[in-house]
Amino acid sequence: MDIRSLLMGMGFALMWSSAFTTSRMVVIDAAPLHALAMRFLLAGIVGCAIAFALGQRPRLDRAQWRATITFGICQNVIYLGCNFVAMQWIEASLAAVLASAMPLVVALAGWVFFGQRLRPLGIAGLVAGFAGVLVIMGSRLSGGIGIEGVMLCLVGVTALAFAALTVRGASGGGNLLMVVGLQMLVGAAVLTVLALLFEPFRFNPTPRFFAAFIYTVLVPGLVATWIWFLLVGRIGAVRAATFHFLNPFFGVLIASALLGERIGMWDIVGVVIAAVGILAVQMSKARNSGA
């Protein structure tokens with residue numbers, strides 16, 4: 001792996017992890033589904049406009065449209081929708097750790113349901129990874145966090161894992177940024193309907209809200225997604241996913257630095273165990289793929 005790919009991967013992990021802290025800031029001052037719908041509407045418009053200016057057009061075949069819509073629903077509506085709602089009840093650091101379990105869920109489901117081979121290193125990584133997550137959850141649950149928030153995060157990460165396992169070919173054949181923008185617009189459309197039907201409107205226009213919202217729209221929402229697709233195209237999905245092992249570290253540290261969330265001894269132990277497990281699973285998958 002060259003230095004450019006390494007920097008891209010670390011940058012993606014940092015931006016992706018920071019989204020949980022800024023999302024927590026957003027939902028303190030606004031209704032989560034309304035805020036998320038607006039985030040994707042703005043990010044989608046900006047992404048598609050830039051793509052159009054670069055000469056990209058939404059010319060996708062049927063399989064690419066299906067993949068784009070599926071990712072838009074699974075990632076932007078279910079995964080992020082569940083996380084935004086959940087962060088009304090749980091801390092950003094816990095949400096980040098739970099979301100980081102996505103590679104573990106993908107590996108477990110691929111092994112159990114899709115017959116994908118998993119080496120002993122991968123099996124050990126699964127055990128360690130889930131054990132680390134359970135250590136953190138046990139520590140936080142004993143402190144009185146809302147179980148409903150934890151359950152929503154688990155539903156979200158399962159939806160994202162489903163998309164990763166079942167959808168291929170969403171790169172758009174050179175229309176990468178256009179595909180990213182279209183996924184955002186799919187999420188915005190569905191979330192708008194859900195917000196209007198099920199969520200009371202709430203908005204407190206504080207400077208914190210606007211700073212966090214703009215950052216979330218542009219950096220984790222648009223730039224991180226674009227970098228992820230570039231990284232996958234550069235080194236492949238298996239190697240790119242290895243950088244997920246950094247997410248528990250970054251997620252907990254950023255939440256502590258910006259929100260003052262407490263980091264206990266068991267949090268540190270759990271994060272280290274989970275990160276090692278995620279890395280072991282991804283290394284096992286890389287060997288299986290011959291990467």
# chains A, B, ... in the order shown; residues from 1 in each chain; ligands from 1
>>> residues_around(residues="Ile273 in chain A", least_positions_apart="2", cutoff="9 Å", atoms="only C-alpha atoms", output="PDB file with N, CA, C and O atoms, in the first residue's frame")
ATOM      1  N   ALA A 128     -12.779 -11.545  19.256  1.00  0.00           N
ATOM      2  CA  ALA A 128     -12.191 -10.400  19.955  1.00  0.00           C
ATOM      3  C   ALA A 128     -12.975  -9.121  19.686  1.00  0.00           C
ATOM      4  O   ALA A 128     -13.234  -8.323  20.600  1.00  0.00           O
ATOM      5  N   GLY A 129     -13.353  -8.922  18.443  1.00  0.00           N
ATOM      6  CA  GLY A 129     -14.062  -7.701  18.087  1.00  0.00           C
ATOM      7  C   GLY A 129     -15.387  -7.558  18.814  1.00  0.00           C
ATOM      8  O   GLY A 129     -15.684  -6.513  19.409  1.00  0.00           O
ATOM      9  N   PHE A 130     -16.195  -8.618  18.782  1.00  0.00           N
ATOM     10  CA  PHE A 130     -17.478  -8.561  19.469  1.00  0.00           C
ATOM     11  C   PHE A 130     -17.293  -8.488  20.987  1.00  0.00           C
ATOM     12  O   PHE A 130     -18.082  -7.838  21.687  1.00  0.00           O
ATOM     13  N   ALA A 131     -16.249  -9.138  21.488  1.00  0.00           N
ATOM     14  CA  ALA A 131     -15.975  -9.062  22.925  1.00  0.00           C
ATOM     15  C   ALA A 131     -15.658  -7.630  23.334  1.00  0.00           C
ATOM     16  O   ALA A 131     -16.121  -7.141  24.374  1.00  0.00           O
ATOM     17  N   GLY A 132     -14.855  -6.936  22.509  1.00  0.00           N
ATOM     18  CA  GLY A 132     -14.524  -5.549  22.817  1.00  0.00           C
ATOM     19  C   GLY A 132     -15.755  -4.655  22.825  1.00  0.00           C
ATOM     20  O   GLY A 132     -15.912  -3.802  23.706  1.00  0.00           O
ATOM     21  N   VAL A 133     -16.643  -4.852  21.848  1.00  0.00           N
ATOM     22  CA  VAL A 133     -17.879  -4.077  21.804  1.00  0.00           C
ATOM     23  C   VAL A 133     -18.738  -4.354  23.036  1.00  0.00           C
ATOM     24  O   VAL A 133     -19.316  -3.440  23.642  1.00  0.00           O
ATOM     25  N   VAL A 135     -17.709  -5.324  25.973  1.00  0.00           N
ATOM     26  CA  VAL A 135     -17.083  -4.709  27.151  1.00  0.00           C
ATOM     27  C   VAL A 135     -17.521  -3.249  27.270  1.00  0.00           C
ATOM     28  O   VAL A 135     -17.898  -2.773  28.352  1.00  0.00           O
ATOM     29  N   ILE A 268     -11.357   2.048  27.370  1.00  0.00           N
ATOM     30  CA  ILE A 268     -10.043   1.892  26.730  1.00  0.00           C
ATOM     31  C   ILE A 268      -9.774   0.428  26.410  1.00  0.00           C
ATOM     32  O   ILE A 268      -9.346   0.074  25.306  1.00  0.00           O
ATOM     33  N   VAL A 269     -10.053  -0.445  27.378  1.00  0.00           N
ATOM     34  CA  VAL A 269      -9.846  -1.885  27.165  1.00  0.00           C
ATOM     35  C   VAL A 269     -10.711  -2.376  26.015  1.00  0.00           C
ATOM     36  O   VAL A 269     -10.250  -3.089  25.116  1.00  0.00           O
ATOM     37  N   GLY A 270     -11.995  -1.992  26.013  1.00  0.00           N
ATOM     38  CA  GLY A 270     -12.905  -2.437  24.968  1.00  0.00           C
ATOM     39  C   GLY A 270     -12.516  -1.932  23.597  1.00  0.00           C
ATOM     40  O   GLY A 270     -12.589  -2.675  22.607  1.00  0.00           O
ATOM     41  N   VAL A 271     -12.107  -0.673  23.511  1.00  0.00           N
ATOM     42  CA  VAL A 271     -11.713  -0.095  22.231  1.00  0.00           C
ATOM     43  C   VAL A 271     -10.500  -0.826  21.658  1.00  0.00           C
ATOM     44  O   VAL A 271     -10.454  -1.139  20.463  1.00  0.00           O
ATOM     45  N   ALA A 275     -10.689  -2.941  18.229  1.00  0.00           N
ATOM     46  CA  ALA A 275      -9.853  -2.523  17.109  1.00  0.00           C
ATOM     47  C   ALA A 275      -8.955  -3.661  16.631  1.00  0.00           C
ATOM     48  O   ALA A 275      -8.801  -3.883  15.422  1.00  0.00           O
ATOM     49  N   VAL A 276      -8.376  -4.397  17.572  1.00  0.00           N
ATOM     50  CA  VAL A 276      -7.539  -5.547  17.207  1.00  0.00           C
ATOM     51  C   VAL A 276      -8.379  -6.596  16.490  1.00  0.00           C
ATOM     52  O   VAL A 276      -7.940  -7.192  15.494  1.00  0.00           O
ATOM     53  N   GLY A 277      -9.582  -6.822  16.967  1.00  0.00           N
ATOM     54  CA  GLY A 277     -10.462  -7.793  16.322  1.00  0.00           C
ATOM     55  C   GLY A 277     -10.819  -7.388  14.906  1.00  0.00           C
ATOM     56  O   GLY A 277     -10.789  -8.218  13.981  1.00  0.00           O
ATOM     57  N   ILE A 278     -11.178  -6.117  14.711  1.00  0.00           N
ATOM     58  CA  ILE A 278     -11.510  -5.635  13.371  1.00  0.00           C
ATOM     59  C   ILE A 278     -10.320  -5.773  12.439  1.00  0.00           C
ATOM     60  O   ILE A 278     -10.442  -6.214  11.290  1.00  0.00           O
TER      61      ILE A 278
END
>>> residues_around(residues="Val252 in chain A", least_positions_apart="2", cutoff="10 Å", atoms="only C-alpha atoms", output="ChimeraX atom specification")
/A:17-18,20-21,91-97,247-250,254-257,261-263,267-268,271
>>> residues_around(residues="Asn204 in chain A", least_positions_apart="3", cutoff="9 Å", atoms="only C-alpha atoms", output="PyMOL selection string")
chain A and resi 28-30+209
>>> atom_distance(atom1="CA of Ala240 in chain A", atom2="CA of Gly44 in chain A")
23.8 Å
>>> select_by_dssp(residues="range 103-235 of chain A", states="helix (DSSP H, G or I)", output="JSON, numbers by chain")
{"A": [103, 104, 105, 106, 107, 108, 109, 110, 111, 112, 113, 120, 121, 122, 123, 124, 125, 126, 127, 128, 129, 130, 131, 132, 133, 134, 135, 136, 137, 138, 139, 140, 141, 147, 148, 149, 150, 151, 152, 153, 154, 155, 156, 157, 158, 159, 160, 161, 162, 163, 164, 165, 166, 176, 177, 178, 179, 180, 181, 182, 183, 184, 185, 186, 187, 188, 189, 190, 191, 192, 193, 194, 195, 196, 197, 198, 207, 208, 209, 210, 211, 212, 213, 214, 215, 216, 217, 218, 219, 220, 221, 222, 223, 224, 225, 226, 227, 228, 229, 230, 231, 232, 233, 234, 235]}
>>> atom_distance(atom1="CA of Leu6 in chain A", atom2="CA of Phe40 in chain A")
27.9 Å
>>> residues_around(residues="Asp2 in chain A", least_positions_apart="4", cutoff="12 Å", atoms="only C-alpha atoms", output="list of chain:residue names")
A:Leu6, A:Leu7, A:Met8, A:Gly9, A:Leu231, A:Arg234, A:Ile235, A:Arg239
>>> closest_residue(among="A:Gly221, A:Gly122, A:Gly236, A:Gly72", to="Val106 in chain A", atoms="only C-alpha atoms")
A:Gly122
>>> closest_residue(among="A:Ala124, A:Ala49, A:Leu185, A:Val157", to="Leu36 in chain A", atoms="only C-alpha atoms")
A:Leu185
>>> atom_distance(atom1="CA of Leu152 in chain A", atom2="CA of Cys82 in chain A")
5.2 Å
